[in-house]
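Engineer: Structure: entry22.csv, CSV, C-alpha atoms and all ligand atoms.
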chain,number,residue,atom,x,y,z
O,1,MET,CA,14.6,-62.9,11.3
O,2,SER,CA,12.5,-65.0,13.6
O,3,LEU,CA,12.6,-64.6,17.3
O,4,ARG,CA,14.4,-67.1,19.5
O,5,LEU,CA,14.2,-68.0,23.2
O,6,GLY,CA,15.8,-65.2,25.2
O,7,ASP,CA,15.4,-62.6,22.6
O,8,VAL,CA,13.6,-59.3,23.6
O,9,ALA,CA,10.0,-59.5,22.4
O,10,PRO,CA,9.7,-56.4,20.2
O,11,ASN,CA,7.3,-53.6,21.2
O,12,PHE,CA,4.5,-52.4,18.9
O,13,GLN,CA,1.4,-50.3,18.8
O,14,ALA,CA,-1.8,-51.9,17.5
O,15,LYS,CA,-5.5,-51.4,17.0
O,16,THR,CA,-7.4,-54.0,19.1
O,17,SER,CA,-11.0,-54.9,19.9
O,18,ASN,CA,-10.4,-53.0,23.2
O,19,GLY,CA,-8.9,-49.9,21.6
O,20,ASP,CA,-5.4,-48.8,20.7
O,21,ILE,CA,-2.6,-50.4,22.7
O,22,ASP,CA,1.1,-50.2,23.2
O,23,PHE,CA,2.3,-53.8,23.8
O,24,TYR,CA,4.8,-53.0,26.6
O,25,GLU,CA,2.3,-50.7,28.3
O,26,TYR,CA,-0.3,-53.4,28.1
O,27,LEU,CA,2.0,-56.0,29.7
O,28,GLY,CA,3.2,-53.6,32.5
O,29,ASP,CA,5.7,-55.5,34.6
O,30,GLY,CA,3.9,-58.9,34.5
O,31,TRP,CA,3.9,-61.8,32.1
O,32,GLY,CA,2.3,-62.0,28.7
O,33,VAL,CA,0.8,-64.4,26.2
O,34,LEU,CA,0.7,-63.1,22.6
O,35,PHE,CA,-1.0,-65.6,20.2
O,36,SER,CA,-2.2,-65.5,16.6
O,37,HIS,CA,-5.0,-67.4,14.9
O,38,PRO,CA,-5.6,-67.7,11.2
O,39,ALA,CA,-8.9,-66.0,10.8
O,40,ASP,CA,-12.1,-64.8,12.4
O,41,TYR,CA,-15.4,-66.8,12.1
O,42,THR,CA,-13.5,-70.1,11.9
O,43,PRO,CA,-14.4,-73.1,14.1
O,44,VAL,CA,-11.1,-74.0,15.8
O,45,CYS,CA,-10.2,-70.4,16.5
O,46,THR,CA,-13.7,-69.9,18.0
O,47,THR,CA,-13.0,-72.7,20.5
O,48,GLU,CA,-9.5,-71.4,21.3
O,49,LEU,CA,-10.5,-67.9,22.1
O,50,GLY,CA,-13.5,-69.2,24.1
O,51,LYS,CA,-11.2,-71.4,26.1
O,52,THR,CA,-8.8,-68.5,26.7
O,53,ALA,CA,-11.7,-66.4,28.0
O,54,LEU,CA,-12.9,-69.2,30.2
O,55,LEU,CA,-9.4,-69.4,31.8
O,56,LYS,CA,-9.4,-65.6,32.5
O,57,HIS,CA,-9.0,-66.1,36.3
O,58,GLU,CA,-6.2,-68.6,35.8
O,59,PHE,CA,-4.2,-66.1,33.7
O,60,GLU,CA,-5.0,-63.3,36.2
O,61,LYS,CA,-3.8,-65.5,39.1
O,62,ARG,CA,-0.4,-65.8,37.4
O,63,ASN,CA,-0.2,-62.1,36.6
O,64,VAL,CA,-0.4,-62.9,32.8
O,65,LYS,CA,-2.0,-60.5,30.3
O,66,VAL,CA,-3.4,-62.2,27.2
O,67,LEU,CA,-3.4,-60.7,23.7
O,68,ALA,CA,-4.8,-62.4,20.6
O,69,LEU,CA,-4.2,-61.5,17.0
O,70,SER,CA,-5.5,-62.1,13.5
O,71,VAL,CA,-5.2,-60.2,10.2
O,72,ASP,CA,-8.9,-59.5,10.2
O,73,GLY,CA,-10.3,-56.0,10.8
O,74,LEU,CA,-12.0,-54.5,13.9
O,75,GLU,CA,-15.6,-54.8,12.7
O,76,ARG,CA,-15.1,-58.5,12.0
O,77,HIS,CA,-13.5,-59.0,15.4
O,78,LYS,CA,-16.4,-57.4,17.1
O,79,GLY,CA,-19.1,-59.5,15.4
O,80,TRP,CA,-17.1,-62.6,15.9
O,81,ILE,CA,-16.6,-61.9,19.6
O,82,SER,CA,-20.4,-62.0,20.0
O,83,ASP,CA,-20.4,-65.4,18.4
O,84,ILE,CA,-17.6,-66.7,20.6
O,85,ASN,CA,-19.4,-65.4,23.7
O,86,GLU,CA,-22.6,-67.1,22.6
O,87,THR,CA,-21.3,-70.4,21.5
O,88,GLN,CA,-18.5,-70.9,24.1
O,89,ASN,CA,-20.6,-69.6,27.1
O,90,THR,CA,-18.0,-67.0,28.0
O,91,THR,CA,-17.1,-63.3,27.7
O,92,VAL,CA,-14.0,-62.4,25.7
O,93,ASP,CA,-12.6,-59.4,27.4
O,94,PHE,CA,-9.0,-59.6,26.4
O,95,PRO,CA,-8.0,-57.6,23.3
O,96,ILE,CA,-7.7,-59.1,19.8
O,97,ILE,CA,-5.4,-57.2,17.5
O,98,ALA,CA,-6.7,-56.3,14.1
O,99,ASP,CA,-3.5,-56.7,12.2
O,100,GLU,CA,-4.8,-55.9,8.8
O,101,ASP,CA,-1.4,-54.6,7.5
O,102,ARG,CA,0.4,-57.6,9.1
O,103,THR,CA,2.8,-55.3,11.1
O,104,VAL,CA,2.8,-57.5,14.2
O,105,ALA,CA,2.5,-60.8,12.3
O,106,ASN,CA,5.7,-59.9,10.4
O,107,LEU,CA,7.4,-58.7,13.5
O,108,TYR,CA,6.8,-62.0,15.2
O,109,ASP,CA,7.1,-64.2,12.1
O,110,MET,CA,3.5,-65.4,12.4
O,111,ILE,CA,3.0,-65.8,8.6
O,112,HIS,CA,4.5,-69.0,7.2
O,113,PRO,CA,4.0,-68.7,3.5
O,114,ASN,CA,4.2,-72.4,2.7
O,115,ALA,CA,1.2,-72.9,5.1
O,116,SER,CA,-0.7,-69.8,4.0
O,117,GLU,CA,0.4,-66.8,2.0
O,118,THR,CA,-2.0,-64.5,3.7
O,119,THR,CA,-3.1,-65.6,7.2
O,120,THR,CA,-1.2,-66.2,10.4
O,121,VAL,CA,-0.5,-69.7,11.7
O,122,ARG,CA,-1.2,-70.5,15.3
O,123,SER,CA,1.8,-68.9,17.0
O,124,LEU,CA,2.0,-68.4,20.7
O,125,PHE,CA,4.6,-66.5,22.7
O,126,ILE,CA,5.1,-66.4,26.4
O,127,ILE,CA,6.9,-63.2,27.4
O,128,GLY,CA,8.4,-62.7,30.8
O,129,PRO,CA,8.4,-59.5,33.0
O,130,ASP,CA,11.8,-58.7,31.5
O,131,LYS,CA,10.1,-58.6,28.0
O,132,LYS,CA,12.1,-61.6,26.9
O,133,VAL,CA,10.6,-64.6,24.9
O,134,LYS,CA,10.4,-67.5,27.3
O,135,LEU,CA,8.5,-69.9,25.0
O,136,PHE,CA,7.1,-70.1,21.5
O,137,ILE,CA,5.0,-72.7,19.9
O,138,THR,CA,3.5,-72.9,16.4
O,139,TYR,CA,0.6,-75.1,15.6
O,140,PRO,CA,-1.1,-75.7,12.2
O,141,ALA,CA,-4.5,-74.2,11.5
O,142,SER,CA,-6.3,-77.5,11.9
O,143,THR,CA,-5.1,-78.1,15.5
O,144,GLY,CA,-6.4,-76.1,18.4
O,145,ARG,CA,-3.8,-75.4,21.1
O,146,ASN,CA,-4.0,-76.8,24.7
O,147,PHE,CA,-4.4,-73.7,26.9
O,148,ASN,CA,-4.1,-75.8,30.1
O,149,GLU,CA,-0.6,-76.7,28.8
O,150,VAL,CA,0.1,-73.0,28.3
O,151,LEU,CA,-0.8,-72.5,32.0
O,152,ARG,CA,1.4,-75.4,33.0
O,153,VAL,CA,4.4,-73.9,31.1
O,154,ILE,CA,3.8,-70.6,32.8
O,155,ASP,CA,3.7,-72.3,36.2
O,156,SER,CA,7.0,-74.0,35.3
O,157,LEU,CA,8.6,-70.7,34.1
O,158,GLN,CA,7.5,-68.9,37.2
O,159,LEU,CA,8.8,-71.7,39.5
O,160,THR,CA,12.2,-71.4,37.7
O,161,ALA,CA,12.2,-67.6,38.0
O,162,ASN,CA,11.2,-67.5,41.7
O,163,TYR,CA,12.8,-70.7,43.2
O,164,SER,CA,15.6,-71.9,40.9
O,165,VAL,CA,13.8,-75.2,40.1
O,166,ALA,CA,12.9,-76.8,36.8
O,167,THR,CA,10.0,-79.2,36.1
O,168,PRO,CA,10.4,-82.8,34.9
O,169,ALA,CA,8.6,-84.4,32.0
O,170,ASP,CA,4.8,-84.4,32.3
O,171,TRP,CA,5.1,-82.5,35.6
O,172,LYS,CA,1.8,-81.4,37.2
O,173,GLU,CA,1.0,-78.9,39.9
O,174,GLY,CA,1.8,-80.5,43.3
O,175,GLU,CA,4.4,-82.9,42.0
O,176,ASP,CA,8.1,-82.8,42.9
O,177,VAL,CA,10.4,-80.5,40.9
O,178,ILE,CA,14.0,-80.6,40.0
O,179,VAL,CA,16.8,-78.5,41.5
O,180,VAL,CA,18.5,-76.6,38.6
O,181,LEU,CA,22.1,-77.6,37.9
O,182,ALA,CA,23.4,-74.1,38.8
O,183,VAL,CA,22.5,-74.9,42.5
O,184,SER,CA,25.0,-77.2,44.3
O,185,THR,CA,23.6,-80.0,46.3
O,186,GLU,CA,25.0,-78.4,49.5
O,187,ALA,CA,23.2,-75.1,48.6
O,188,ALA,CA,20.0,-77.0,47.7
O,189,ILE,CA,19.8,-78.7,51.1
O,190,GLU,CA,19.9,-75.3,52.7
O,191,LYS,CA,17.6,-73.6,50.2
O,192,PHE,CA,14.9,-76.3,50.2
O,193,PRO,CA,14.0,-77.2,53.8
O,194,LYS,CA,11.3,-79.7,52.6
O,195,GLY,CA,14.1,-82.0,51.6
O,196,VAL,CA,16.2,-82.9,48.6
O,197,LYS,CA,16.1,-86.4,47.1
O,198,ILE,CA,19.4,-87.1,45.3
O,199,VAL,CA,19.0,-89.7,42.6
O,200,LYS,CA,22.2,-88.8,40.8
O,201,PRO,CA,24.5,-85.8,41.5
O,202,TYR,CA,22.7,-84.1,38.5
O,203,LEU,CA,19.2,-85.3,39.2
O,204,ARG,CA,17.9,-83.9,42.5
O,205,TYR,CA,14.2,-83.6,43.4
O,206,THR,CA,12.5,-81.4,45.9
O,207,PRO,CA,8.8,-80.9,46.8
O,208,GLN,CA,7.2,-78.0,44.9
O,209,PRO,CA,8.5,-75.0,47.0
O,210,ASN,CA,5.6,-72.6,46.6
O,211,LEU,CA,3.1,-75.0,48.3
O,212,ASP,CA,2.4,-75.3,52.1
K,301,LIG,C1,-10.3,-73.0,12.1
K,301,LIG,O1,-10.1,-72.2,13.0
K,301,LIG,O2,-11.1,-73.9,12.2
K,301,LIG,C2,-9.5,-72.9,10.9
K,301,LIG,C3,-8.9,-71.7,10.5
K,301,LIG,C4,-8.2,-71.6,9.3
K,301,LIG,C5,-8.0,-72.7,8.6
K,301,LIG,C6,-8.5,-74.0,9.0
K,301,LIG,C7,-9.2,-74.0,10.2
Would you mind writing the structure in this file as structure tokens?

Structural biologist:
Amino acid sequence: MSLRLGDVAPNFQAKTSNGDIDFYEYLGDGWGVLFSHPADYTPVCTTELGKTALLKHEFEKRNVKVLALSVDGLERHKGWISDINETQNTTVDFPIIADEDRTVANLYDMIHPNASETTTVRSLFIIGPDKKVKLFITYPASTGRNFNEVLRVIDSLQLTANYSVATPADWKEGEDVIVVLAVSTEAAIEKFPKGVKIVKPYLRYTPQPNLD
């Protein structure tokens, strides 16, 4: 059965380009991004993993561990990583799972047989410190994902977890956020000293609370 939002992300052990890992141990008590790509030595995947490596400090700042996956083997991963580093001007130092027997791919429903019988689609899961699935997206092989959007979602999820706010459509860092429905207007006025703008009783904005 496929995973849904709020489900516990299953643990697994896997061989990766950085050695054997236990997923939960790798995540520790922080956030995680687990994402699959269809195959090594393919163009869109090369740019995706390069972009992820270039955003290393952005993921670190948010306490997020990144873990990639394809069903290719370790030797292919190693050779391909050199190509990614060379062509994308970066250093891939996050692990890439060599999921040759498709254990993790099946656990996370990353193989969609009507798209490809044998390779993984572009699945991406964001996992919270509670090991629960906070987001998943699935893209086709021909479309590279937007990793800045992945960071934006992480920022939104972390604001919700830490401050009881949600983020409106197209929200960007620095813009006003929305007080979640579970917080009464009275409580919001107390909780958000920068002010609460009440547009409707259910639509209340406040300045992004984690900024000075
Ligand atoms: C790519 O990464 O470019 C790709 C991978 C598998 C199928 C099609 C494109």

Engineer: Please, which residues have at least one atom within 6 Å of an atom of ligand LIG 301 (chain K), using all atoms listed in the file, listed as an MDAnalysis selection string?

Structural biologist: chainID O and resid 38:39 42:45 141:142

Engineer: At a cut-off of 12 Å, using only C-alpha atoms, what residues contact Lys56 in chain O? Leave out same-chain residues fewer than 6 positions from it and give the result as a list in words.

Structural biologist: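 The residues that qualify are Leu49, Gly50, Arg62, Asn63, Val64, Lys65, Val66, Leu67, Thr90, Thr91, Val92, Asp93, Phe94, Phe147, Asn148 and Leu151 of chain O.
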
Engineer: Mind pulling up the distance from CA of Glu86 in chain O to CA of Leu27 in chain O?

Structural biologist: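 For CA of Leu27 in chain O relative to CA of Glu86 in chain O, the distance reads 27.9 Å.
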
Engineer: Might you pull out every residue within 9 Å of Leu34 in chain O, with all atoms listed in the file counted and same-chain residues fewer than 3 positions away left off, and present them as an mmCIF file with C-alpha atoms, keeping the file's coordinate frame?

Structural biologist:
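As a result, out.cif now contains:
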data_model
loop_
_atom_site.group_PDB
_atom_site.id
_atom_site.type_symbol
_atom_site.label_atom_id
_atom_site.label_comp_id
_atom_site.auth_asym_id
_atom_site.auth_seq_id
_atom_site.Cartn_x
_atom_site.Cartn_y
_atom_site.Cartn_z
ATOM 1 C CA LYS O 65 -2.000 -60.500 30.300
ATOM 2 C CA VAL O 66 -3.400 -62.200 27.200
ATOM 3 C CA LEU O 67 -3.400 -60.700 23.700
ATOM 4 C CA ALA O 68 -4.800 -62.400 20.600
ATOM 5 C CA LEU O 69 -4.200 -61.500 17.000
ATOM 6 C CA SER O 123 1.800 -68.900 17.000
ATOM 7 C CA LEU O 124 2.000 -68.400 20.700
ATOM 8 C CA PHE O 125 4.600 -66.500 22.700
ATOM 9 C CA ILE O 126 5.100 -66.400 26.400
ATOM 10 C CA ILE O 127 6.900 -63.200 27.400
#

Engineer: Could you name the residues that touch Arg4 in chain O at 9 Å or less, counting all atoms listed in the file, but leaving out those on the same chain fewer than 6 positions away, as an MDAnalysis selection string?

Structural biologist: chainID O and resid 133:136

Engineer: Please list, as a list of chain:residue names, the residues that have an atom at most 7 Å away from (9.7, -78.7, 37.8) in the coordinates of this file, counting all atoms listed in the file.

Structural biologist: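 The answer, in the requested form, is O:Ser156, O:Val165, O:Ala166, O:Thr167, O:Pro168, O:Trp171, O:Asp176, O:Val177, O:Ile178.
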
Engineer: I'd like the contact shell of Asp72 in chain O - 7 Å cut-off, only C-alpha atoms, skipping same-chain residues fewer than 3 positions apart - returned as a PyMOL selection string.

Structural biologist: chain O and resi 39-40+76-77+98-100

Engineer: Can you work out which one of O:Tyr26, O:Glu58, O:Asn210, O:Lys197 has the shortest atom-to-atom distance to Arg152 in chain O, counting all atoms listed in the file?

Structural biologist: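 When distances to Arg152 in chain O are compared using all atoms listed in the file, the smallest one comes from O:Glu58.
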
Engineer: Pick the closest to Tyr163 in chain O from O:Thr206, O:Thr119, O:Thr185, O:Thr52: which is it, counting all atoms listed in the file?

Structural biologist: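 Nearest candidate to Tyr163 in chain O out of O:Thr206, O:Thr119, O:Thr185, O:Thr52: O:Thr206.
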
Engineer: Rank nothing, just name the residue among O:Gln208, O:Pro129, O:Gly6, O:Asn114 nearest to Lys172 in chain O, using all atoms listed in the file.

Structural biologist: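 Nearest candidate to Lys172 in chain O out of O:Gln208, O:Pro129, O:Gly6, O:Asn114: O:Gln208.
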
Engineer: With all atoms listed in the file as the atoms that count, which of O:Leu203, O:Lys51, O:Val121, O:Ala182 lies nearest to Asn146 in chain O?

Structural biologist: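 Distance minimum relative to Asn146 in chain O lands on O:Lys51.
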
Engineer: Which distance in Å separates CA of Leu5 in chain O and CA of Gln158 in chain O, to one decimal?

Structural biologist: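 So the two atoms, CA of Leu5 in chain O and CA of Gln158 in chain O, lie 15.5 Å apart.
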